[in-house]
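Novice: Supplied structure: work.pdb, PDB, C-alpha atoms.
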```
ATOM      1  CA  MET D   1      65.579 -36.097 -35.938
ATOM      2  CA  ARG D   2      69.127 -35.886 -37.290
ATOM      3  CA  PRO D   3      71.358 -38.980 -36.969
ATOM      4  CA  LEU D   4      73.932 -37.174 -34.808
ATOM      5  CA  GLN D   5      71.227 -35.850 -32.492
ATOM      6  CA  SER D   6      69.737 -39.335 -32.184
ATOM      7  CA  TYR D   7      73.169 -40.747 -31.364
ATOM      8  CA  TYR D   8      73.736 -38.234 -28.548
ATOM      9  CA  ASP D   9      70.232 -38.787 -27.188
ATOM     10  CA  SER D  10      70.963 -42.509 -26.892
ATOM     11  CA  GLU D  11      74.489 -42.028 -25.490
ATOM     12  CA  ALA D  12      73.696 -39.329 -22.920
ATOM     13  CA  ALA D  13      73.508 -41.558 -19.834
ATOM     14  CA  ARG D  14      76.927 -43.130 -20.469
ATOM     15  CA  TYR D  15      78.585 -40.300 -22.384
ATOM     16  CA  ASP D  16      80.726 -38.868 -19.581
ATOM     17  CA  ASP D  17      82.208 -42.226 -18.594
ATOM     18  CA  SER D  18      83.038 -43.001 -22.208
ATOM     19  CA  ARG D  19      84.836 -39.675 -22.724
ATOM     20  CA  GLY D  20      87.227 -39.435 -19.776
ATOM     21  CA  GLY D  21      84.727 -38.580 -17.041
ATOM     22  CA  PRO D  22      85.300 -35.959 -14.343
ATOM     23  CA  ALA D  23      89.078 -35.771 -14.800
ATOM     24  CA  ARG D  24      88.820 -34.794 -18.477
ATOM     25  CA  ALA D  25      85.971 -32.399 -17.734
ATOM     26  CA  ALA D  26      87.976 -30.722 -14.974
ATOM     27  CA  ALA D  27      90.949 -30.307 -17.312
ATOM     28  CA  ALA D  28      88.732 -28.744 -19.982
ATOM     29  CA  ALA D  29      87.023 -26.452 -17.456
ATOM     30  CA  ASN D  30      90.367 -25.349 -16.017
ATOM     31  CA  ALA D  31      91.641 -24.532 -19.505
ATOM     32  CA  VAL D  32      88.501 -22.508 -20.266
ATOM     33  CA  MET D  33      88.605 -20.725 -16.893
ATOM     34  CA  SER D  34      92.200 -19.652 -17.564
ATOM     35  CA  LEU D  35      90.953 -17.818 -20.673
ATOM     36  CA  LEU D  36      87.935 -16.078 -19.096
ATOM     37  CA  PRO D  37      88.350 -12.634 -17.552
ATOM     38  CA  THR D  38      87.699 -12.660 -13.798
ATOM     39  CA  SER D  39      84.808 -10.244 -14.336
ATOM     40  CA  THR D  40      82.964 -12.763 -16.539
ATOM     41  CA  GLY D  41      79.360 -13.183 -15.424
ATOM     42  CA  ILE D  42      77.052 -15.258 -17.612
ATOM     43  CA  VAL D  43      78.588 -17.865 -19.910
ATOM     44  CA  VAL D  44      76.763 -19.740 -22.669
ATOM     45  CA  ASP D  45      78.226 -23.208 -23.168
ATOM     46  CA  VAL D  46      77.286 -24.122 -26.737
ATOM     47  CA  GLY D  47      76.915 -27.854 -27.219
ATOM     48  CA  GLY D  48      77.094 -28.130 -23.445
ATOM     49  CA  GLY D  49      76.204 -31.815 -23.546
ATOM     50  CA  THR D  50      75.755 -33.340 -20.108
ATOM     51  CA  GLY D  51      76.904 -30.171 -18.343
ATOM     52  CA  ILE D  52      79.965 -31.902 -16.910
ATOM     53  CA  VAL D  53      82.256 -29.068 -18.048
ATOM     54  CA  GLY D  54      79.757 -26.252 -17.490
ATOM     55  CA  GLU D  55      79.191 -27.119 -13.839
ATOM     56  CA  ARG D  56      82.924 -26.727 -13.222
ATOM     57  CA  LEU D  57      83.264 -23.252 -14.726
ATOM     58  CA  ALA D  58      82.568 -21.371 -11.473
ATOM     59  CA  ARG D  59      80.312 -18.970 -13.359
ATOM     60  CA  ARG D  60      76.620 -18.761 -14.171
ATOM     61  CA  VAL D  61      76.471 -21.090 -17.147
ATOM     62  CA  LEU D  62      73.635 -21.585 -19.602
ATOM     63  CA  SER D  63      74.159 -24.914 -21.358
ATOM     64  CA  VAL D  64      72.634 -25.082 -24.842
ATOM     65  CA  ASP D  65      72.431 -28.401 -26.655
ATOM     66  CA  ARG D  66      70.331 -29.802 -29.482
ATOM     67  CA  SER D  67      70.095 -33.265 -27.881
ATOM     68  CA  PHE D  68      67.210 -33.777 -25.463
ATOM     69  CA  GLY D  69      69.109 -36.623 -23.794
ATOM     70  CA  MET D  70      72.175 -34.474 -23.198
ATOM     71  CA  ALA D  71      70.104 -31.521 -22.000
ATOM     72  CA  THR D  72      68.270 -33.801 -19.560
ATOM     73  CA  MET D  73      71.612 -34.864 -18.065
ATOM     74  CA  ALA D  74      72.814 -31.244 -17.957
ATOM     75  CA  ALA D  75      69.664 -30.153 -16.120
ATOM     76  CA  ARG D  76      70.754 -32.295 -13.166
ATOM     77  CA  ARG D  77      74.018 -30.380 -12.952
ATOM     78  CA  LEU D  78      72.786 -26.926 -13.955
ATOM     79  CA  PRO D  79      69.149 -26.764 -12.780
ATOM     80  CA  GLY D  80      67.287 -23.941 -14.490
ATOM     81  CA  TRP D  81      70.244 -23.160 -16.746
ATOM     82  CA  VAL D  82      69.727 -25.510 -19.692
ATOM     83  CA  ALA D  83      68.105 -24.823 -23.050
ATOM     84  CA  LEU D  84      67.433 -26.963 -26.085
ATOM     85  CA  GLY D  85      68.681 -25.195 -29.152
ATOM     86  CA  ASP D  86      70.683 -25.098 -32.329
ATOM     87  CA  ALA D  87      74.285 -23.944 -31.983
ATOM     88  CA  ALA D  88      73.921 -21.819 -35.130
ATOM     89  CA  ALA D  89      70.753 -20.127 -33.827
ATOM     90  CA  LEU D  90      71.264 -19.796 -30.077
ATOM     91  CA  PRO D  91      68.057 -19.223 -28.095
ATOM     92  CA  VAL D  92      69.638 -16.267 -26.308
ATOM     93  CA  ARG D  93      68.967 -12.531 -26.583
ATOM     94  CA  ALA D  94      71.507 -10.586 -28.655
ATOM     95  CA  GLY D  95      74.213  -8.837 -26.690
ATOM     96  CA  SER D  96      73.248 -10.446 -23.396
ATOM     97  CA  VAL D  97      76.163 -12.634 -22.240
ATOM     98  CA  ASP D  98      79.772 -12.113 -21.191
ATOM     99  CA  ALA D  99      81.289 -15.238 -22.698
ATOM    100  CA  VAL D 100      80.505 -18.128 -25.008
ATOM    101  CA  THR D 101      82.316 -21.438 -24.782
ATOM    102  CA  CYS D 102      82.272 -24.241 -27.295
ATOM    103  CA  VAL D 103      84.106 -27.308 -26.012
ATOM    104  CA  TRP D 104      84.261 -30.434 -28.209
ATOM    105  CA  LEU D 105      81.674 -29.192 -30.737
ATOM    106  CA  LEU D 106      82.922 -27.339 -33.812
ATOM    107  CA  HIS D 107      84.395 -30.458 -35.412
ATOM    108  CA  LEU D 108      80.907 -32.037 -35.327
ATOM    109  CA  VAL D 109      78.822 -29.320 -36.994
ATOM    110  CA  ARG D 110      78.251 -28.653 -40.678
ATOM    111  CA  ASP D 111      77.981 -24.889 -40.204
ATOM    112  CA  ALA D 112      80.898 -23.843 -37.988
ATOM    113  CA  ALA D 113      80.688 -20.294 -39.373
ATOM    114  CA  GLY D 114      77.024 -20.157 -38.314
ATOM    115  CA  VAL D 115      77.940 -21.270 -34.793
ATOM    116  CA  VAL D 116      80.604 -18.575 -34.531
ATOM    117  CA  ALA D 117      78.199 -15.947 -35.911
ATOM    118  CA  SER D 118      75.536 -16.969 -33.402
ATOM    119  CA  ALA D 119      78.084 -16.734 -30.578
ATOM    120  CA  ALA D 120      79.091 -13.256 -31.747
ATOM    121  CA  ARG D 121      75.428 -12.197 -31.844
ATOM    122  CA  VAL D 122      74.748 -13.095 -28.202
ATOM    123  CA  LEU D 123      77.940 -11.597 -26.772
ATOM    124  CA  ARG D 124      77.929  -8.225 -25.023
ATOM    125  CA  SER D 125      80.391  -5.646 -26.288
ATOM    126  CA  GLY D 126      83.816  -6.811 -25.088
ATOM    127  CA  GLY D 127      82.586 -10.380 -24.542
ATOM    128  CA  VAL D 128      84.813 -13.354 -25.245
ATOM    129  CA  PHE D 129      84.452 -16.538 -27.296
TER     130      PHE D 129
END
```
The structure in this file should be written as structure tokens.
Specialist:
Amino acid sequence: MRPLQSYYDSEAARYDDSRGGPARAAAAANAVMSLLPTSTGIVVDVGGGTGIVGERLARRVLSVDRSFGMATMAARRLPGWVALGDAAALPVRAGSVDAVTCVWLLHLVRDAAGVVASAARVLRSGGVF
């Protein structure tokens, strides 16, 4: 297990409270929603963490996170819409989603270009990232 993954596994239960809680999540979700076309259907939230932002997006959101602890927390908020996976190799069919979000993640990964490429791969034609 990678050190960062281990850290997020151990922090998952208290993560939201230590990062601004519902108010910060609502602000992030509102900012993201303002950028999504109204016709947006399925959204993949890469590095979705505890799902606190994803549950507020008012869309069908698949949260993908590498941390089992974070994904376990997200499953409570987004039942049936959580997957364990690597941000640079999303476990999503190519060309199958309308939007990809990536809130509070890119500064943490070694391969930001790989994350962006993976997002581009899963987007439908005309999709947004």
Novice: Have a look at atom CA of D:Leu36 and atom CA of D:Ala120 and let me know their distance in Å, one decimal.
Specialist: 15.7 Å
Novice: Considering all atoms listed in the file, can you say which of D:Gly69, D:Gly41, D:Gly48, D:Gly127 comes closest to D:Ala87?
Specialist: D:Gly48
Novice: Applied to the shown file, which residues does the PyMOL selection byres ((chain D and resi 108) around 12) return, written as a list in words?
Specialist: Pro3, Leu4, Gln5, Tyr8, Gly47, Ala87, Cys102, Val103, Trp104, Leu105, Leu106, His107, Val109, Arg110, Asp111, Ala112 and Val115 of chain D
Novice: Which of these, D:Arg93, D:Arg66, D:Arg19, D:Arg77, has the shortest distance to D:Thr50 once you count all atoms listed in the file?
Specialist: D:Arg77
Novice: So the first atom is atom CA of D:Leu90 and the second is atom CA of D:Asn30; what is the distance between them in Å, to one decimal place?
Specialist: 24.4 Å
Novice: Quick one: pull the distance between atom CA of D:Phe129 and atom CA of D:Ser10, Å, one decimal.
Specialist: 29.3 Å
Novice: Can you tell me, as a PyMOL selection string, which residues sit within 9 Å of (75.4, -16.4, -17.5) in the file's frame, using only C-alpha atoms?
Specialist: chain D and resi 40-44+59-62+81+96-99
Novice: Which of these, D:Ala26, D:Ser63, D:Gly114, D:Val100, has the shortest distance to D:Ala75 once you count all atoms listed in the file?
Specialist: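 Looking only at the distances to D:Ala75, the closest residue turns out to be D:Ser63.
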Novice: Tell me which residues the PyMOL selection byres ((chain D and resi 122) around 6) grabs here, as a JSON list (two decimals) with C-alpha atoms, keeping the file's coordinate frame.
Specialist:
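Contents of the output file part.json:
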```
[["chain", "number", "residue", "atom", "x", "y", "z"],
["D", 94, "ALA", "CA", 71.51, -10.59, -28.66],
["D", 95, "GLY", "CA", 74.21, -8.84, -26.69],
["D", 96, "SER", "CA", 73.25, -10.45, -23.40],
["D", 119, "ALA", "CA", 78.08, -16.73, -30.58],
["D", 120, "ALA", "CA", 79.09, -13.26, -31.75],
["D", 121, "ARG", "CA", 75.43, -12.20, -31.84],
["D", 123, "LEU", "CA", 77.94, -11.60, -26.77]]
```
Novice: From the options D:Met70, D:Val82, D:Ala117, D:Leu57, which residue's atoms come nearest to D:Leu35, counting only C-alpha atoms?
Specialist: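 Using only C-alpha atoms, D:Leu35 sits closest to D:Leu57.
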Novice: Please report, as JSON, the centre and edge lengths in Å to one decimal of an axis-aligned box covering all listed atoms of stretch 17-22 of chain D with 4 Å per side.
Specialist:
```
{"center_x": 84.7, "center_y": -39.5, "center_z": -18.5, "size_x": 13.0, "size_y": 15.0, "size_z": 16.4}
```
Novice: If we draw a sphere of 6 Å around (77.8, -27.5, -20.5), which residues have at least one atom in it when counting all atoms listed in the file? Please report them as a VMD selection string.
Specialist: chain D and resid 45 48 to 49 51 53 to 54 63
Novice: For each of D:Ala71, D:Ala25, D:Ala83, D:Ala31, take the minimum atom-to-atom distance to D:Glu55, counting all atoms listed in the file, then give the residue where this is smallest.
Specialist: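 So, comparing all the options, the nearest one is D:Ala25.
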Novice: Which residue gives the smallest distance to D:Val128 among D:Thr101, D:Val46, D:Ala29, D:Arg76, with only C-alpha atoms counted?
Specialist: D:Thr101
Novice: With N, CA, C and O atoms as the goal, would you fill in the gaps in stretch 95-120 of chain D and present it as a short mmCIF file (atom, residue, chain, number, x, y, z; two decimals), in the coordinates of the input?
Specialist:
```
data_model
loop_
_atom_site.label_atom_id
_atom_site.label_comp_id
_atom_site.auth_asym_id
_atom_site.auth_seq_id
_atom_site.Cartn_x
_atom_site.Cartn_y
_atom_site.Cartn_z
N GLY D 95 73.46 -9.73 -27.56
CA GLY D 95 74.21 -8.84 -26.69
C GLY D 95 73.98 -9.04 -25.21
O GLY D 95 74.10 -8.09 -24.44
N SER D 96 73.67 -10.25 -24.79
CA SER D 96 73.25 -10.45 -23.40
C SER D 96 74.19 -11.26 -22.51
O SER D 96 73.93 -11.41 -21.33
N VAL D 97 75.29 -11.80 -23.06
CA VAL D 97 76.16 -12.63 -22.24
C VAL D 97 77.62 -12.16 -22.31
O VAL D 97 78.03 -11.50 -23.26
N ASP D 98 78.38 -12.54 -21.29
CA ASP D 98 79.77 -12.11 -21.19
C ASP D 98 80.74 -13.02 -21.94
O ASP D 98 81.80 -12.58 -22.37
N ALA D 99 80.38 -14.29 -22.04
CA ALA D 99 81.29 -15.24 -22.70
C ALA D 99 80.49 -16.37 -23.32
O ALA D 99 79.42 -16.73 -22.85
N VAL D 100 81.06 -16.93 -24.36
CA VAL D 100 80.50 -18.13 -25.01
C VAL D 100 81.64 -19.14 -25.10
O VAL D 100 82.75 -18.80 -25.52
N THR D 101 81.35 -20.36 -24.65
CA THR D 101 82.32 -21.44 -24.78
C THR D 101 81.76 -22.47 -25.75
O THR D 101 80.54 -22.58 -25.93
N CYS D 102 82.66 -23.23 -26.32
CA CYS D 102 82.27 -24.24 -27.30
C CYS D 102 83.32 -25.35 -27.21
O CYS D 102 84.30 -25.33 -27.93
N VAL D 103 83.14 -26.25 -26.27
CA VAL D 103 84.11 -27.31 -26.01
C VAL D 103 83.66 -28.57 -26.74
O VAL D 103 82.53 -29.01 -26.57
N TRP D 104 84.54 -29.16 -27.52
CA TRP D 104 84.26 -30.43 -28.21
C TRP D 104 83.03 -30.38 -29.11
O TRP D 104 82.22 -31.29 -29.13
N LEU D 105 82.86 -29.30 -29.88
CA LEU D 105 81.67 -29.19 -30.74
C LEU D 105 81.98 -28.86 -32.19
O LEU D 105 81.43 -29.49 -33.08
N LEU D 106 82.80 -27.86 -32.45
CA LEU D 106 82.92 -27.34 -33.81
C LEU D 106 83.29 -28.39 -34.84
O LEU D 106 82.88 -28.30 -35.99
N HIS D 107 84.02 -29.41 -34.46
CA HIS D 107 84.40 -30.46 -35.41
C HIS D 107 83.21 -31.34 -35.79
O HIS D 107 83.29 -32.13 -36.72
N LEU D 108 82.09 -31.20 -35.08
CA LEU D 108 80.91 -32.04 -35.33
C LEU D 108 79.82 -31.35 -36.16
O LEU D 108 78.91 -32.01 -36.62
N VAL D 109 79.91 -30.04 -36.33
CA VAL D 109 78.82 -29.32 -36.99
C VAL D 109 79.14 -29.05 -38.46
O VAL D 109 80.30 -28.92 -38.85
N ARG D 110 78.09 -28.96 -39.24
CA ARG D 110 78.25 -28.65 -40.68
C ARG D 110 78.49 -27.16 -40.91
O ARG D 110 79.13 -26.79 -41.88
N ASP D 111 77.94 -26.34 -40.02
CA ASP D 111 77.98 -24.89 -40.20
C ASP D 111 78.76 -24.21 -39.08
O ASP D 111 78.20 -23.50 -38.26
N ALA D 112 80.07 -24.45 -39.04
CA ALA D 112 80.90 -23.84 -37.99
C ALA D 112 80.82 -22.31 -38.04
O ALA D 112 80.78 -21.65 -37.00
N ALA D 113 80.78 -21.75 -39.24
CA ALA D 113 80.69 -20.29 -39.37
C ALA D 113 79.39 -19.78 -38.76
O ALA D 113 79.36 -18.73 -38.11
N GLY D 114 78.30 -20.54 -38.91
CA GLY D 114 77.02 -20.16 -38.31
C GLY D 114 77.07 -20.20 -36.80
O GLY D 114 76.47 -19.36 -36.11
N VAL D 115 77.79 -21.17 -36.25
CA VAL D 115 77.94 -21.27 -34.79
C VAL D 115 78.71 -20.06 -34.27
O VAL D 115 78.31 -19.43 -33.29
N VAL D 116 79.80 -19.73 -34.94
CA VAL D 116 80.60 -18.58 -34.53
C VAL D 116 79.80 -17.29 -34.66
O VAL D 116 79.84 -16.42 -33.77
N ALA D 117 79.03 -17.14 -35.73
CA ALA D 117 78.20 -15.95 -35.91
C ALA D 117 77.13 -15.85 -34.82
O ALA D 117 76.85 -14.76 -34.30
N SER D 118 76.55 -16.97 -34.46
CA SER D 118 75.54 -16.97 -33.40
C SER D 118 76.16 -16.59 -32.06
O SER D 118 75.58 -15.84 -31.28
N ALA D 119 77.37 -17.10 -31.80
CA ALA D 119 78.08 -16.73 -30.58
C ALA D 119 78.35 -15.24 -30.55
O ALA D 119 78.13 -14.57 -29.53
N ALA D 120 78.81 -14.69 -31.67
CA ALA D 120 79.09 -13.26 -31.75
C ALA D 120 77.82 -12.44 -31.50
O ALA D 120 77.86 -11.40 -30.84
#
```
